[in-house]
Amino acid sequence: MAYAVSYINSHGGVLGRPIKLIFGNDQSQPSNGPAVTEQLVNSGAKFLLYNEGTDYGSKATIEKLGIPAIGVTDVVPTFASPPDNTYTYEVASQLSNWAAVYCGAWKATGVKTIGIIRDDSTTTAGLDKILFPQLQGCVNITDIETASGSASDLTAPVARLLGHHPDAILVADLGGPFEILAQDTIYQSDPNITRYSLATIVNEPSTWKLATAGALNGVISMGSLNPTNPRTAQLQQMLTSAYGSSFSMTAFDANAWDAVQIMKEAMVNSGNPDDPQKVNQAMQGISSYTASFGQPGYQLTYSASKHSGANGLCGLVLEQFGSNNHPDTAFSKYQPSCS
């Protein structure tokens with residue numbers, strides 16, 4: 001996000017004025033959100049960017065203050081949906097579309113049964129309540145194994161999972177060490193079984209090095225980056241130039257870039273960046289913004305009644321890890337279409 005702001009400022013700012021980025025931290029506690037939001041506005045914020053998924057508690061405060069806000073990485077539509085959504089918007093693709101993409105891939109590759117291993121976090125449980133019932137519409141879930149997020153050994157649950165002989169395994173968790181341990185254990189137990197993941201591991205470059213060499217090879221993760229998308233490739237090149245050749249771009253980087261560009265467009269189109277009402281009205285007039293994530297040609301659109309920019313399934317990409325434990329390619333056997 002800081003890079004996107006710096007880029008705008010180096011290219012003339014907003015109507016000739018630089019953007020000043022100020023930060024607040026709710027320490028991942030939704031109850032702190034309203035106070036932090038008020039602090040930011042009292043410090044002069046004219047637009048709010050929430051770079052986490054715990055901003056729902058701030059909606060009423062945003063509504064009261066009348067300041068446009070984007071939930072940059074939200075995948076649950078709560079932030080952009082009624083009530084209190086006059087000023088709230090989203091960029092990322094929605095969780096409600098994930099099942100359709102998984103099911104499309106499984107139909108294309110003949111997967112009829114899956115086993116699931118998950119952590120015991122409340123966040124994962126909330127996601128699973130939305131996702132799992134939809135998955136059961138296209139596959140038979142043979143077994144769901146739940147283990148502590150701090151587990152140091154997953155041999156037993158993985159053995160039980162494989163004992164049901166599923167066509168594929170889905171690792172559903174918050175990512176981090178748990179996911180690496182799960183993927184390592186599955187790989188050691190059955191290196192040939194097809195593995196899928198949520199949009200966790202693909203967005204955590206710091207964890208890839210924790211995996212055994214080659215252990216992530218073949219893992220198919222829900223993601224948002226397709227190397228064949230010219231906008232994605234362009235942003236990757238810009239970030240690599242800024243941060244070095246070893247930099248690994250994630251969907252969070254693309255979401256942040258697009259959120260800042262959309263914010264700038266709304267401010268410019270408003271004619272008066274200091275007037276939040278005019279900026280908010282301009283936000284609702286943004287259409288056909290070509291995103292830096294998703295399939296080639298994917299666009300975000302907003303209106304007075306549509307505050308989530310997502311359009312269909314093709315903001316999502318199934319990314320596949322290579323033998324270097326990096327998600328280097330888009331899964332070749334299925335991708336959602338923009339048509």
# chains A, B, ... in the order shown; residues from 1 in each chain; ligands from 1
>>> closest_atom_pairs(of="stretch 75-141 of chain A", to="stretch 154-168 of chain A", cutoff="7 Å", atoms="only C-alpha atoms", output="JSON lines")
{"residue": "A:Val111", "atom": "CA", "partner": "A:Asp167", "partner_atom": "CA", "distance": 5.6}
{"residue": "A:Lys112", "atom": "CA", "partner": "A:Asp167", "partner_atom": "CA", "distance": 6.6}
{"residue": "A:Thr113", "atom": "CA", "partner": "A:Pro166", "partner_atom": "CA", "distance": 5.1}
{"residue": "A:Ile114", "atom": "CA", "partner": "A:Ala168", "partner_atom": "CA", "distance": 4.9}
{"residue": "A:Gly115", "atom": "CA", "partner": "A:Pro166", "partner_atom": "CA", "distance": 5.7}
>>> select_by_dssp(residues="stretch 47-183 of chain A", states="strand (DSSP E)", output="list in words")
Leu48, Leu49, Tyr50, Ala69, Ile70, Gly71, Thr88, Tyr89, Glu90, Thr113, Ile114, Gly115, Ile116, Ile117, Arg118, Asp119, Asn140, Ile141, Thr142, Asp143, Ile144, Glu145, Thr146, Ala147, Ala168, Ile169, Leu170, Val171 and Ala172 of chain A
>>> closest_residue(among="A:Ser246, A:Gln284, A:Asn324, A:Thr290", to="A:Tyr87", atoms="only C-alpha atoms")
A:Gln284
>>> closest_atom_pairs(of="stretch 9-75 of chain A", to="stretch 307-320 of chain A", cutoff="10 Å", atoms="only C-alpha atoms", output="CSV")
residue,atom,partner,partner_atom,distance
A:Ile70,CA,A:His307,CA,9.3
A:Gly71,CA,A:Ser308,CA,9.5
A:Asp74,CA,A:Ser308,CA,9.9
A:Val75,CA,A:Ser308,CA,9.9
>>> closest_residue(among="A:Asn9, A:Asn51, A:Gln335, A:Ser152", to="A:Asn25", atoms="only C-alpha atoms")
A:Asn51
>>> closest_residue(among="A:Tyr334, A:Phe321, A:Phe132, A:Phe293", to="A:Pro227", atoms="only C-alpha atoms")
A:Phe293
>>> residues_around(residues="A:Thr207", least_positions_apart="2", cutoff="8 Å", atoms="only C-alpha atoms", output="MDAnalysis selection string")
chainID A and resid 176:177 180 201 204:205 209:211
>>> residues_around(residues="A:Pro18", least_positions_apart="2", cutoff="12 Å", atoms="only C-alpha atoms", output="ChimeraX atom specification")
/A:5-16,20-21,264,267,273
>>> closest_residue(among="A:Ser189, A:Thr329, A:Thr61, A:Asn272", to="A:Gln39", atoms="only C-alpha atoms")
A:Thr61
>>> residues_around(residues="A:Tyr3", least_positions_apart="4", cutoff="12 Å", atoms="only C-alpha atoms", output="ChimeraX atom specification")
/A:7-10,19,21,235,238-243,253-254,256-258,260-261
>>> write_last_selection(atoms="C-alpha atoms", output="mmCIF file, in the first residue's frame")
data_model
loop_
_atom_site.group_PDB
_atom_site.id
_atom_site.type_symbol
_atom_site.label_atom_id
_atom_site.label_comp_id
_atom_site.auth_asym_id
_atom_site.auth_seq_id
_atom_site.Cartn_x
_atom_site.Cartn_y
_atom_site.Cartn_z
ATOM 1 C CA TYR A 7 3.924 5.799 -6.926
ATOM 2 C CA ILE A 8 0.932 8.135 -7.131
ATOM 3 C CA ASN A 9 2.843 10.938 -5.427
ATOM 4 C CA SER A 10 5.785 10.515 -7.798
ATOM 5 C CA ILE A 19 -1.329 11.741 -0.628
ATOM 6 C CA LEU A 21 -0.581 7.928 4.403
ATOM 7 C CA LEU A 235 2.657 -4.902 -11.175
ATOM 8 C CA MET A 238 7.196 -2.764 -10.757
ATOM 9 C CA LEU A 239 7.382 -4.361 -7.301
ATOM 10 C CA THR A 240 10.409 -6.435 -8.250
ATOM 11 C CA SER A 241 12.167 -3.283 -9.423
ATOM 12 C CA ALA A 242 11.316 -1.608 -6.123
ATOM 13 C CA TYR A 243 12.042 -4.464 -3.703
ATOM 14 C CA ASP A 253 -0.155 -6.656 -2.859
ATOM 15 C CA ALA A 254 -2.429 -6.584 -5.901
ATOM 16 C CA ALA A 256 -3.695 -2.969 -2.066
ATOM 17 C CA TRP A 257 -2.463 -1.527 -5.358
ATOM 18 C CA ASP A 258 -5.936 -1.600 -6.869
ATOM 19 C CA VAL A 260 -5.259 2.836 -3.777
ATOM 20 C CA GLN A 261 -5.735 3.368 -7.517
#
>>> select_by_dssp(residues="stretch 11-105 of chain A", states="helix (DSSP H, G or I)", output="ChimeraX atom specification")
/A:30-42,56-65,77-80,95-105
>>> write_last_selection(atoms="C-alpha atoms", output="tab-separated table (two decimals), in the first residue's frame")
chain	number	residue	atom	x	y	z
A	30	PRO	CA	-12.52	-5.68	16.22
A	31	SER	CA	-13.64	-3.92	19.40
A	32	ASN	CA	-10.75	-1.47	18.94
A	33	GLY	CA	-11.81	-0.60	15.39
A	34	PRO	CA	-14.24	2.25	16.12
A	35	ALA	CA	-11.77	4.14	18.30
A	36	VAL	CA	-8.92	3.69	15.79
A	37	THR	CA	-11.21	4.82	12.98
A	38	GLU	CA	-12.14	7.98	14.86
A	39	GLN	CA	-8.47	8.67	15.60
A	40	LEU	CA	-7.61	8.42	11.90
A	41	VAL	CA	-10.40	10.79	10.89
A	42	ASN	CA	-9.47	13.22	13.67
A	56	TYR	CA	-16.82	-5.09	10.48
A	57	GLY	CA	-17.02	-3.56	13.93
A	58	SER	CA	-16.08	-0.20	12.42
A	59	LYS	CA	-18.98	0.03	9.96
A	60	ALA	CA	-21.32	1.99	12.21
A	61	THR	CA	-18.52	4.43	13.01
A	62	ILE	CA	-17.71	4.88	9.33
A	63	GLU	CA	-21.39	5.49	8.63
A	64	LYS	CA	-21.55	8.09	11.40
A	65	LEU	CA	-18.41	9.88	10.25
A	77	PRO	CA	-19.19	-9.46	1.85
A	78	THR	CA	-20.24	-8.14	5.28
A	79	PHE	CA	-18.22	-4.93	5.06
A	80	ALA	CA	-19.79	-3.83	1.76
A	95	LEU	CA	-15.63	-16.43	-0.46
A	96	SER	CA	-19.08	-17.28	-1.83
A	97	ASN	CA	-17.44	-17.88	-5.24
A	98	TRP	CA	-14.72	-20.23	-4.01
A	99	ALA	CA	-16.88	-23.36	-4.01
A	100	ALA	CA	-17.84	-22.86	-7.66
A	101	VAL	CA	-14.16	-22.63	-8.62
A	102	TYR	CA	-13.16	-25.70	-6.62
A	103	CYS	CA	-16.12	-27.61	-8.07
A	104	GLY	CA	-15.19	-26.53	-11.58
A	105	ALA	CA	-11.67	-27.86	-11.10
>>> atom_distance(atom1="atom CA of A:Arg195", atom2="atom CA of A:Leu216")
9.0 Å
>>> atom_distance(atom1="atom CA of A:Tyr302", atom2="atom CA of A:Gly285")
6.4 Å
>>> atom_distance(atom1="atom CA of A:Gln277", atom2="atom CA of A:Pro82")
18.4 Å
>>> residues_around(residues="A:Ala259", least_positions_apart="5", cutoff="8 Å", atoms="only C-alpha atoms", output="PDB file with N, CA and C atoms, in the first residue's frame")
ATOM      1  N   LEU A  49      -8.655   2.909   4.395  1.00  0.00           N
ATOM      2  CA  LEU A  49      -8.307   1.635   3.779  1.00  0.00           C
ATOM      3  C   LEU A  49      -8.049   0.627   4.892  1.00  0.00           C
ATOM      4  N   ILE A  70     -12.538   1.416   2.059  1.00  0.00           N
ATOM      5  CA  ILE A  70     -12.417   0.170   1.305  1.00  0.00           C
ATOM      6  C   ILE A  70     -11.838  -0.911   2.215  1.00  0.00           C
ATOM      7  N   VAL A  72      -9.778  -3.761   1.982  1.00  0.00           N
ATOM      8  CA  VAL A  72      -8.853  -4.126   0.894  1.00  0.00           C
ATOM      9  C   VAL A  72      -8.808  -5.631   0.659  1.00  0.00           C
ATOM     10  N   VAL A  91     -12.756  -4.833  -2.516  1.00  0.00           N
ATOM     11  CA  VAL A  91     -12.000  -5.068  -3.742  1.00  0.00           C
ATOM     12  C   VAL A  91     -11.875  -6.561  -4.058  1.00  0.00           C
TER      13      VAL A  91
END
>>> closest_residue(among="A:Asn217, A:Gln237, A:Ser150, A:Ser288", to="A:Ile193", atoms="only C-alpha atoms")
A:Asn217
>>> closest_residue(among="A:Leu135, A:Met283, A:Ala182, A:Ala108", to="A:Lys333", atoms="only C-alpha atoms")
A:Ala108
